[in-house]
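First comes the structure, then the notes that go with it.
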Amino acid sequence: MEEKKSLGKYIQNKRKNLGMTQKELAAQLFVSESAVSKWERGLSYPDMTLVSPLCEALHISEHELFTASDDWRQRQIEEQARRYKRNKTIWLCVTCIIYAAMLFGTLTWGITSGNGLTTFAYTFGACALLFSLIDVPMLAENDKGVKCFAASFASLLLLEIIARIVSPTNDPHWLWMALPGTALGLLSVFLPIILAYADWDFPFMRHKAAFCLGVDSALIGLLVIFGQFFYGDGHPAVPIASTASMLALIWGVFIVAHYTCWPVPFKISAGLTIGAAFCLFTNALIEALEGYGFRVVFNVNRSNSGNIAPDIGLILLAAAAVLAIIQVIILKRRTRP
């Protein structure tokens, strides 16, 4: 009985606070005025089908109705959420007005001064960059870091394209070096961080390190190919082969360290073997591409002017063999009965 009276008193107080009569509340709920009167006098409960409409009419939550008390904590949270949405809308409107004023001002100045669209184009790229850094975090509901990075990355590339279009230079090919260079500089730093915190259901997410290394390798390859194509002289295959051999060294060590289940000494031995192969054959491959034939020349007389890479390769190969033999001996002793 006390619960009915508490609920009835709560409904009555909320109705009066809204300046609503029993008849008006009953009309909103499509019930009789006497039904509302019975609720408020604690003679009966509202029907379960009326809970949601009643809460909506009294501007309360279902939790508040069932407990017959105001949930001030929830109301505070809702008020903070409304205030945040309002401030976000104001912030976005203000920044968009500023961007529009900047664009309109530079466009007007460019037309009246005879400067054309150069300043306007640069201002547009700068506004895009500012938007990615200032407004995208406000607009993004989830994956804020990824969306901010993607937007800023795209705006940086847009700025480089704008610079190439509106400010032609004596070097017409610099954009082909700038685009992959910018991508390499940003992705090599931020892509591992993004993938570490991202919760995506993609197959490559099981191989995050390999994916990052693959992206970096592709961008390095593009840089070398573009550089050789636009600015290279001499034997074009030499820098490409040198880069490919260096990437092969990195990938070989990475695969051994990351994907093999060998004991640590075996991994180190395999890494040393890969390094030895790089030292022994890379220079020989380059000389073959230059037309001198494929040959591995050791610096027997230890001349400072000679190529010591093959000698370093032999040392690494010997160290790898010794380490592997020691590990095999240790394993055999452990397996003895």
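By order in the structure tokens, chains are A, B, ...; within a chain, residues start at 1; ligands start at 1, following the order shown.
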Could you name the residues that touch stretch 116-130 of chain A at 9 Å or less, counting only C-alpha atoms, but leaving out those on the same chain fewer than 3 positions away, as a PDB file with C-alpha atoms, in the first residue's frame?
ATOM      1  CA  TYR A  99      36.975  28.566 -42.959  1.00  0.00           C
ATOM      2  CA  MET A 102      39.206  32.664 -45.065  1.00  0.00           C
ATOM      3  CA  LEU A 103      38.295  31.109 -48.408  1.00  0.00           C
ATOM      4  CA  PHE A 104      36.067  34.001 -49.430  1.00  0.00           C
ATOM      5  CA  GLY A 105      38.689  36.555 -48.395  1.00  0.00           C
ATOM      6  CA  THR A 106      41.543  34.886 -50.276  1.00  0.00           C
ATOM      7  CA  LEU A 107      39.339  34.349 -53.344  1.00  0.00           C
ATOM      8  CA  THR A 108      38.290  38.000 -53.382  1.00  0.00           C
ATOM      9  CA  TRP A 109      41.849  39.192 -52.807  1.00  0.00           C
ATOM     10  CA  GLY A 110      43.199  36.922 -55.538  1.00  0.00           C
ATOM     11  CA  ILE A 111      40.676  38.206 -58.081  1.00  0.00           C
ATOM     12  CA  THR A 112      41.112  41.887 -57.242  1.00  0.00           C
ATOM     13  CA  SER A 113      44.918  41.754 -57.001  1.00  0.00           C
ATOM     14  CA  LEU A 133      42.970  18.193 -36.922  1.00  0.00           C
ATOM     15  CA  ILE A 134      40.299  20.306 -35.221  1.00  0.00           C
ATOM     16  CA  ASP A 135      36.859  19.258 -36.444  1.00  0.00           C
ATOM     17  CA  ALA A 151      41.909  12.952 -42.839  1.00  0.00           C
ATOM     18  CA  SER A 152      45.196  14.705 -42.017  1.00  0.00           C
ATOM     19  CA  PHE A 153      47.131  12.313 -44.254  1.00  0.00           C
ATOM     20  CA  ALA A 154      44.772  13.010 -47.167  1.00  0.00           C
ATOM     21  CA  SER A 155      44.944  16.772 -46.561  1.00  0.00           C
ATOM     22  CA  LEU A 156      48.761  16.704 -46.599  1.00  0.00           C
ATOM     23  CA  LEU A 158      46.172  17.394 -51.181  1.00  0.00           C
ATOM     24  CA  LEU A 159      48.483  20.261 -50.213  1.00  0.00           C
ATOM     25  CA  GLU A 160      51.343  18.675 -52.159  1.00  0.00           C
ATOM     26  CA  ILE A 162      47.933  21.809 -54.975  1.00  0.00           C
ATOM     27  CA  ALA A 163      51.534  23.009 -54.752  1.00  0.00           C
ATOM     28  CA  VAL A 166      49.470  26.096 -58.887  1.00  0.00           C
ATOM     29  CA  SER A 167      53.227  26.567 -58.421  1.00  0.00           C
TER      30      SER A 167
END
DSSP alpha helix (DSSP H) residues within stretch 75-295 of chain A, as a PyMOL selection string = chain A and resi 75-113+118-130+136-139+144-166+174-197+208-231+237-259+264-289
Exercise: A:Gly221 partners within 8 Å, only C-alpha atoms, chain neighbours under 5 positions left out, as a ChimeraX atom specification = /A:240,243-244
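Using only C-alpha atoms for every distance, the candidate list A:Met246, A:Ala241, A:Val51, A:Cys212 yields A:Ala241 as the residue closest to A:Ile225.
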Residues of stretch 200-301 of chain A within 8 Å of stretch 173-196 of chain A: nearest atom pair and distance (Å, one decimal) for each, counting only C-alpha atoms, sorted by chain and number, as JSON lines?
{"residue": "A:Met205", "atom": "CA", "partner": "A:Leu195", "partner_atom": "CA", "distance": 7.5}
{"residue": "A:Lys208", "atom": "CA", "partner": "A:Leu195", "partner_atom": "CA", "distance": 6.7}
{"residue": "A:Ala209", "atom": "CA", "partner": "A:Pro192", "partner_atom": "CA", "distance": 7.4}
{"residue": "A:Cys212", "atom": "CA", "partner": "A:Pro192", "partner_atom": "CA", "distance": 6.5}
{"residue": "A:Asp216", "atom": "CA", "partner": "A:Leu184", "partner_atom": "CA", "distance": 6.2}
{"residue": "A:Leu219", "atom": "CA", "partner": "A:Pro180", "partner_atom": "CA", "distance": 5.8}
{"residue": "A:Ile220", "atom": "CA", "partner": "A:Leu184", "partner_atom": "CA", "distance": 7.4}
{"residue": "A:Leu222", "atom": "CA", "partner": "A:Pro180", "partner_atom": "CA", "distance": 6.9}
{"residue": "A:Leu223", "atom": "CA", "partner": "A:Met177", "partner_atom": "CA", "distance": 6.1}
{"residue": "A:Phe226", "atom": "CA", "partner": "A:Met177", "partner_atom": "CA", "distance": 6.7}
{"residue": "A:Gly227", "atom": "CA", "partner": "A:Met177", "partner_atom": "CA", "distance": 6.9}
{"residue": "A:Phe230", "atom": "CA", "partner": "A:His173", "partner_atom": "CA", "distance": 6.8}
For all heavy atoms, I'd like the residues from the last selection saved as a JSON list (two decimals), in the first residue's frame.
[["chain", "number", "residue", "atom", "x", "y", "z"],
["A", 205, "MET", "N", 44.93, -8.45, -39.82],
["A", 205, "MET", "CA", 45.10, -8.07, -38.42],
["A", 205, "MET", "C", 45.80, -9.16, -37.62],
["A", 205, "MET", "O", 46.27, -8.91, -36.52],
["A", 205, "MET", "CB", 43.74, -7.74, -37.81],
["A", 205, "MET", "CG", 43.11, -6.47, -38.35],
["A", 205, "MET", "SD", 44.08, -4.99, -38.00],
["A", 205, "MET", "CE", 43.82, -4.84, -36.24],
["A", 208, "LYS", "N", 49.95, -8.13, -38.13],
["A", 208, "LYS", "CA", 50.08, -6.68, -38.14],
["A", 208, "LYS", "C", 51.51, -6.25, -38.48],
["A", 208, "LYS", "O", 51.71, -5.33, -39.29],
["A", 208, "LYS", "CB", 49.68, -6.11, -36.77],
["A", 208, "LYS", "CG", 48.23, -6.34, -36.40],
["A", 208, "LYS", "CD", 47.92, -5.79, -35.02],
["A", 208, "LYS", "CE", 46.48, -6.07, -34.62],
["A", 208, "LYS", "NZ", 46.18, -5.55, -33.27],
["A", 209, "ALA", "N", 52.49, -6.89, -37.86],
["A", 209, "ALA", "CA", 53.88, -6.49, -38.11],
["A", 209, "ALA", "C", 54.26, -6.72, -39.56],
["A", 209, "ALA", "O", 54.91, -5.87, -40.18],
["A", 209, "ALA", "CB", 54.81, -7.27, -37.17],
["A", 212, "CYS", "N", 52.63, -3.99, -41.73],
["A", 212, "CYS", "CA", 53.34, -2.71, -41.64],
["A", 212, "CYS", "C", 54.64, -2.76, -42.43],
["A", 212, "CYS", "O", 54.98, -1.81, -43.17],
["A", 212, "CYS", "CB", 53.62, -2.37, -40.18],
["A", 212, "CYS", "SG", 52.15, -2.01, -39.20],
["A", 216, "ASP", "N", 55.69, -0.46, -45.74],
["A", 216, "ASP", "CA", 56.94, 0.30, -45.79],
["A", 216, "ASP", "C", 57.82, -0.16, -46.95],
["A", 216, "ASP", "O", 58.42, 0.66, -47.65],
["A", 216, "ASP", "CB", 57.71, 0.15, -44.47],
["A", 216, "ASP", "CG", 56.97, 0.79, -43.31],
["A", 216, "ASP", "OD1", 56.09, 1.64, -43.56],
["A", 216, "ASP", "OD2", 57.27, 0.44, -42.15],
["A", 219, "LEU", "N", 56.45, 1.22, -50.26],
["A", 219, "LEU", "CA", 56.71, 2.66, -50.42],
["A", 219, "LEU", "C", 58.19, 2.92, -50.70],
["A", 219, "LEU", "O", 58.53, 3.80, -51.51],
["A", 219, "LEU", "CB", 56.25, 3.41, -49.17],
["A", 219, "LEU", "CG", 54.73, 3.44, -48.95],
["A", 219, "LEU", "CD1", 54.40, 4.04, -47.61],
["A", 219, "LEU", "CD2", 54.05, 4.22, -50.07],
["A", 220, "ILE", "N", 59.07, 2.19, -50.03],
["A", 220, "ILE", "CA", 60.51, 2.34, -50.31],
["A", 220, "ILE", "C", 60.80, 1.95, -51.75],
["A", 220, "ILE", "O", 61.57, 2.61, -52.46],
["A", 220, "ILE", "CB", 61.33, 1.49, -49.32],
["A", 220, "ILE", "CG1", 61.24, 2.09, -47.92],
["A", 220, "ILE", "CG2", 62.79, 1.42, -49.76],
["A", 220, "ILE", "CD1", 61.86, 1.21, -46.84],
["A", 222, "LEU", "N", 58.74, 2.10, -54.29],
["A", 222, "LEU", "CA", 58.24, 3.16, -55.17],
["A", 222, "LEU", "C", 59.20, 4.35, -55.21],
["A", 222, "LEU", "O", 59.46, 4.92, -56.27],
["A", 222, "LEU", "CB", 56.87, 3.62, -54.70],
["A", 222, "LEU", "CG", 55.67, 2.73, -55.04],
["A", 222, "LEU", "CD1", 54.40, 3.31, -54.45],
["A", 222, "LEU", "CD2", 55.53, 2.58, -56.55],
["A", 223, "LEU", "N", 59.71, 4.73, -54.03],
["A", 223, "LEU", "CA", 60.66, 5.84, -53.98],
["A", 223, "LEU", "C", 61.90, 5.56, -54.83],
["A", 223, "LEU", "O", 62.37, 6.42, -55.58],
["A", 223, "LEU", "CB", 61.06, 6.13, -52.53],
["A", 223, "LEU", "CG", 60.09, 6.97, -51.70],
["A", 223, "LEU", "CD1", 60.53, 7.00, -50.24],
["A", 223, "LEU", "CD2", 60.03, 8.39, -52.25],
["A", 226, "PHE", "N", 60.84, 5.47, -58.68],
["A", 226, "PHE", "CA", 60.58, 6.81, -59.19],
["A", 226, "PHE", "C", 61.86, 7.63, -59.27],
["A", 226, "PHE", "O", 62.10, 8.35, -60.23],
["A", 226, "PHE", "CB", 59.56, 7.53, -58.30],
["A", 226, "PHE", "CG", 58.16, 7.02, -58.43],
["A", 226, "PHE", "CD1", 57.21, 7.25, -57.44],
["A", 226, "PHE", "CD2", 57.77, 6.30, -59.56],
["A", 226, "PHE", "CE1", 55.92, 6.78, -57.57],
["A", 226, "PHE", "CE2", 56.47, 5.82, -59.69],
["A", 226, "PHE", "CZ", 55.55, 6.05, -58.69],
["A", 227, "GLY", "N", 62.68, 7.51, -58.20],
["A", 227, "GLY", "CA", 63.94, 8.26, -58.20],
["A", 227, "GLY", "C", 64.85, 7.85, -59.34],
["A", 227, "GLY", "O", 65.47, 8.70, -60.00],
["A", 230, "PHE", "N", 63.16, 9.01, -62.80],
["A", 230, "PHE", "CA", 63.14, 10.44, -63.10],
["A", 230, "PHE", "C", 64.51, 11.11, -62.96],
["A", 230, "PHE", "O", 64.79, 12.09, -63.63],
["A", 230, "PHE", "CB", 62.15, 11.16, -62.19],
["A", 230, "PHE", "CG", 60.71, 10.79, -62.45],
["A", 230, "PHE", "CD1", 59.95, 10.19, -61.46],
["A", 230, "PHE", "CD2", 60.14, 11.03, -63.68],
["A", 230, "PHE", "CE1", 58.62, 9.85, -61.70],
["A", 230, "PHE", "CE2", 58.81, 10.68, -63.93],
["A", 230, "PHE", "CZ", 58.05, 10.10, -62.93]]
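Going from atom CA of A:Phe202 to atom CA of A:Ala257 covers 23.5 Å.
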Just how far from atom CA of A:Arg75 is atom CA of A:Thr89, in Å to one decimal?
-> 21.1 Å
Name the residues in contact with A:Ala26 at a cut-off of 12 Å, using only C-alpha atoms, excluding same-chain residues fewer than 3 positions from it; report them as a short mmCIF file (atom, residue, chain, number, x, y, z; two decimals) with all heavy atoms, in the first residue's frame.
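What follows is the written file out09.cif:
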data_model
loop_
_atom_site.label_atom_id
_atom_site.label_comp_id
_atom_site.auth_asym_id
_atom_site.auth_seq_id
_atom_site.Cartn_x
_atom_site.Cartn_y
_atom_site.Cartn_z
N ARG A 15 3.25 15.67 -12.36
CA ARG A 15 2.19 16.26 -13.18
C ARG A 15 2.00 17.73 -12.84
O ARG A 15 1.90 18.59 -13.73
CB ARG A 15 0.89 15.49 -12.95
CG ARG A 15 -0.31 16.09 -13.66
CD ARG A 15 -1.56 15.30 -13.38
NE ARG A 15 -1.90 15.27 -11.95
CZ ARG A 15 -2.48 16.26 -11.29
NH1 ARG A 15 -2.78 17.40 -11.92
NH2 ARG A 15 -2.80 16.12 -10.01
N MET A 20 0.15 20.42 -15.46
CA MET A 20 -0.78 19.58 -16.21
C MET A 20 -1.89 19.10 -15.27
O MET A 20 -1.63 18.75 -14.11
CB MET A 20 -0.03 18.38 -16.80
CG MET A 20 -0.83 17.55 -17.80
SD MET A 20 0.12 16.08 -18.30
CE MET A 20 1.65 16.82 -18.85
N THR A 21 -3.13 19.10 -15.73
CA THR A 21 -4.25 18.59 -14.95
C THR A 21 -4.38 17.08 -15.16
O THR A 21 -3.79 16.51 -16.08
CB THR A 21 -5.56 19.28 -15.36
OG1 THR A 21 -5.85 18.94 -16.73
CG2 THR A 21 -5.45 20.79 -15.21
N GLN A 22 -5.16 16.44 -14.29
CA GLN A 22 -5.41 15.01 -14.44
C GLN A 22 -6.10 14.71 -15.77
O GLN A 22 -5.81 13.70 -16.42
CB GLN A 22 -6.26 14.50 -13.27
CG GLN A 22 -5.55 14.46 -11.95
CD GLN A 22 -6.42 13.89 -10.84
OE1 GLN A 22 -7.63 13.72 -11.00
NE2 GLN A 22 -5.80 13.58 -9.69
N LYS A 23 -6.98 15.60 -16.16
CA LYS A 23 -7.69 15.40 -17.41
C LYS A 23 -6.75 15.46 -18.61
O LYS A 23 -6.85 14.66 -19.55
CB LYS A 23 -8.80 16.45 -17.55
CG LYS A 23 -9.68 16.27 -18.77
CD LYS A 23 -10.81 17.30 -18.77
CE LYS A 23 -11.72 17.09 -19.98
NZ LYS A 23 -12.83 18.08 -20.01
N LEU A 29 -2.63 9.87 -22.42
CA LEU A 29 -2.44 8.42 -22.26
C LEU A 29 -3.64 7.61 -22.76
O LEU A 29 -3.60 6.37 -22.71
CB LEU A 29 -2.19 8.09 -20.79
CG LEU A 29 -0.97 8.76 -20.15
CD1 LEU A 29 -0.89 8.40 -18.67
CD2 LEU A 29 0.31 8.36 -20.86
N PHE A 30 -4.71 8.31 -23.20
CA PHE A 30 -5.92 7.65 -23.69
C PHE A 30 -6.55 6.77 -22.60
O PHE A 30 -6.95 5.62 -22.84
CB PHE A 30 -5.63 6.81 -24.94
CG PHE A 30 -5.08 7.62 -26.07
CD1 PHE A 30 -3.72 7.60 -26.35
CD2 PHE A 30 -5.91 8.41 -26.86
CE1 PHE A 30 -3.20 8.35 -27.38
CE2 PHE A 30 -5.41 9.16 -27.91
CZ PHE A 30 -4.04 9.14 -28.18
N VAL A 31 -6.60 7.33 -21.38
CA VAL A 31 -7.27 6.67 -20.28
C VAL A 31 -8.27 7.67 -19.67
O VAL A 31 -8.30 8.85 -20.03
CB VAL A 31 -6.27 6.19 -19.20
CG1 VAL A 31 -5.33 5.14 -19.78
CG2 VAL A 31 -5.48 7.36 -18.63
N SER A 32 -9.03 7.18 -18.72
CA SER A 32 -10.01 8.05 -18.08
C SER A 32 -9.36 8.88 -16.98
O SER A 32 -8.30 8.52 -16.45
CB SER A 32 -11.15 7.22 -17.49
OG SER A 32 -10.64 6.37 -16.46
N GLU A 33 -9.99 10.01 -16.68
CA GLU A 33 -9.47 10.87 -15.62
C GLU A 33 -9.49 10.17 -14.27
O GLU A 33 -8.62 10.37 -13.42
CB GLU A 33 -10.29 12.17 -15.58
CG GLU A 33 -9.77 13.19 -14.58
CD GLU A 33 -10.59 14.47 -14.61
OE1 GLU A 33 -11.46 14.61 -15.50
OE2 GLU A 33 -10.37 15.32 -13.72
N SER A 34 -10.51 9.31 -14.07
CA SER A 34 -10.60 8.58 -12.81
C SER A 34 -9.45 7.60 -12.63
O SER A 34 -9.00 7.35 -11.50
CB SER A 34 -11.93 7.82 -12.73
OG SER A 34 -12.01 6.86 -13.80
N ALA A 35 -8.92 7.06 -13.75
CA ALA A 35 -7.77 6.15 -13.66
C ALA A 35 -6.55 6.90 -13.15
O ALA A 35 -5.80 6.40 -12.29
CB ALA A 35 -7.50 5.53 -15.03
N VAL A 36 -6.34 8.12 -13.66
CA VAL A 36 -5.22 8.93 -13.18
C VAL A 36 -5.41 9.27 -11.71
O VAL A 36 -4.46 9.25 -10.91
CB VAL A 36 -5.08 10.21 -14.04
CG1 VAL A 36 -3.98 11.10 -13.48
CG2 VAL A 36 -4.80 9.85 -15.49
N SER A 37 -6.64 9.58 -11.34
CA SER A 37 -6.93 9.90 -9.95
C SER A 37 -6.62 8.71 -9.04
O SER A 37 -6.08 8.88 -7.94
CB SER A 37 -8.40 10.32 -9.80
OG SER A 37 -8.72 10.57 -8.46
N LYS A 38 -6.96 7.51 -9.46
CA LYS A 38 -6.67 6.31 -8.66
C LYS A 38 -5.17 6.10 -8.51
O LYS A 38 -4.70 5.69 -7.44
CB LYS A 38 -7.32 5.09 -9.29
CG LYS A 38 -8.83 5.06 -9.18
CD LYS A 38 -9.42 3.81 -9.81
CE LYS A 38 -10.92 3.77 -9.69
NZ LYS A 38 -11.51 2.55 -10.31
N TRP A 39 -4.40 6.37 -9.58
CA TRP A 39 -2.95 6.22 -9.46
C TRP A 39 -2.40 7.16 -8.39
O TRP A 39 -1.60 6.76 -7.55
CB TRP A 39 -2.27 6.55 -10.79
CG TRP A 39 -2.67 5.67 -11.94
CD1 TRP A 39 -3.29 4.47 -11.89
CD2 TRP A 39 -2.49 5.97 -13.32
NE1 TRP A 39 -3.49 3.96 -13.14
CE2 TRP A 39 -3.00 4.88 -14.06
CE3 TRP A 39 -1.95 7.04 -14.03
CZ2 TRP A 39 -2.99 4.84 -15.45
CZ3 TRP A 39 -1.91 7.00 -15.41
CH2 TRP A 39 -2.44 5.92 -16.12
N PRO A 46 -0.47 1.99 -12.62
CA PRO A 46 -0.68 2.11 -14.07
C PRO A 46 -0.43 0.78 -14.76
O PRO A 46 0.41 -0.03 -14.33
CB PRO A 46 0.36 3.16 -14.50
CG PRO A 46 0.73 3.87 -13.24
CD PRO A 46 0.59 2.87 -12.14
N LEU A 50 1.30 1.20 -20.23
CA LEU A 50 1.29 2.66 -20.13
C LEU A 50 2.58 3.22 -19.54
O LEU A 50 2.69 4.45 -19.39
CB LEU A 50 0.10 3.11 -19.27
CG LEU A 50 -1.29 2.79 -19.81
CD1 LEU A 50 -2.35 3.18 -18.79
CD2 LEU A 50 -1.52 3.52 -21.13
N PRO A 53 4.57 5.46 -22.27
CA PRO A 53 3.87 6.73 -22.54
C PRO A 53 3.79 7.64 -21.32
O PRO A 53 3.89 8.86 -21.44
CB PRO A 53 2.48 6.28 -22.99
CG PRO A 53 2.67 4.89 -23.50
CD PRO A 53 3.73 4.31 -22.63
N LEU A 54 3.62 7.06 -20.13
CA LEU A 54 3.54 7.85 -18.91
C LEU A 54 4.87 8.54 -18.63
O LEU A 54 4.91 9.73 -18.26
CB LEU A 54 3.11 6.97 -17.74
CG LEU A 54 2.99 7.66 -16.37
CD1 LEU A 54 1.97 8.79 -16.42
CD2 LEU A 54 2.63 6.64 -15.29
N ALA A 57 5.27 11.37 -21.01
CA ALA A 57 4.40 12.51 -20.69
C ALA A 57 4.92 13.30 -19.50
O ALA A 57 4.82 14.53 -19.45
CB ALA A 57 2.98 12.02 -20.42
N LEU A 58 5.50 12.61 -18.52
CA LEU A 58 6.00 13.27 -17.30
C LEU A 58 7.46 13.66 -17.40
O LEU A 58 8.01 14.22 -16.44
CB LEU A 58 5.79 12.35 -16.10
CG LEU A 58 4.34 11.99 -15.77
CD1 LEU A 58 4.29 11.04 -14.57
CD2 LEU A 58 3.51 13.25 -15.48
#
Pick out the residues sitting within 9 Å of A:Ile268, and hand them over as a tab-separated table (two decimals) with C-alpha atoms, in the first residue's frame; count only C-alpha atoms, and ignore anything fewer than 6 positions along from it in its own chain.
chain	number	residue	atom	x	y	z
A	253	VAL	CA	65.49	-11.67	-40.42
A	256	VAL	CA	62.97	-15.96	-38.79
A	257	ALA	CA	62.45	-13.86	-35.66
A	320	ALA	CA	76.30	-18.81	-37.29
A	323	LEU	CA	76.34	-21.05	-32.60
A	324	ALA	CA	74.22	-23.72	-34.30
State, in Å with one decimal place, the distance from atom CA of A:Gly271 to atom CA of A:Ile325.
-> 15.0 Å
Rank A:Tyr45, A:Tyr197, A:Arg333, A:His59 by their smallest atom-to-atom distance to A:Gly145, using only C-alpha atoms, and report the top residue only.
-> A:Tyr197
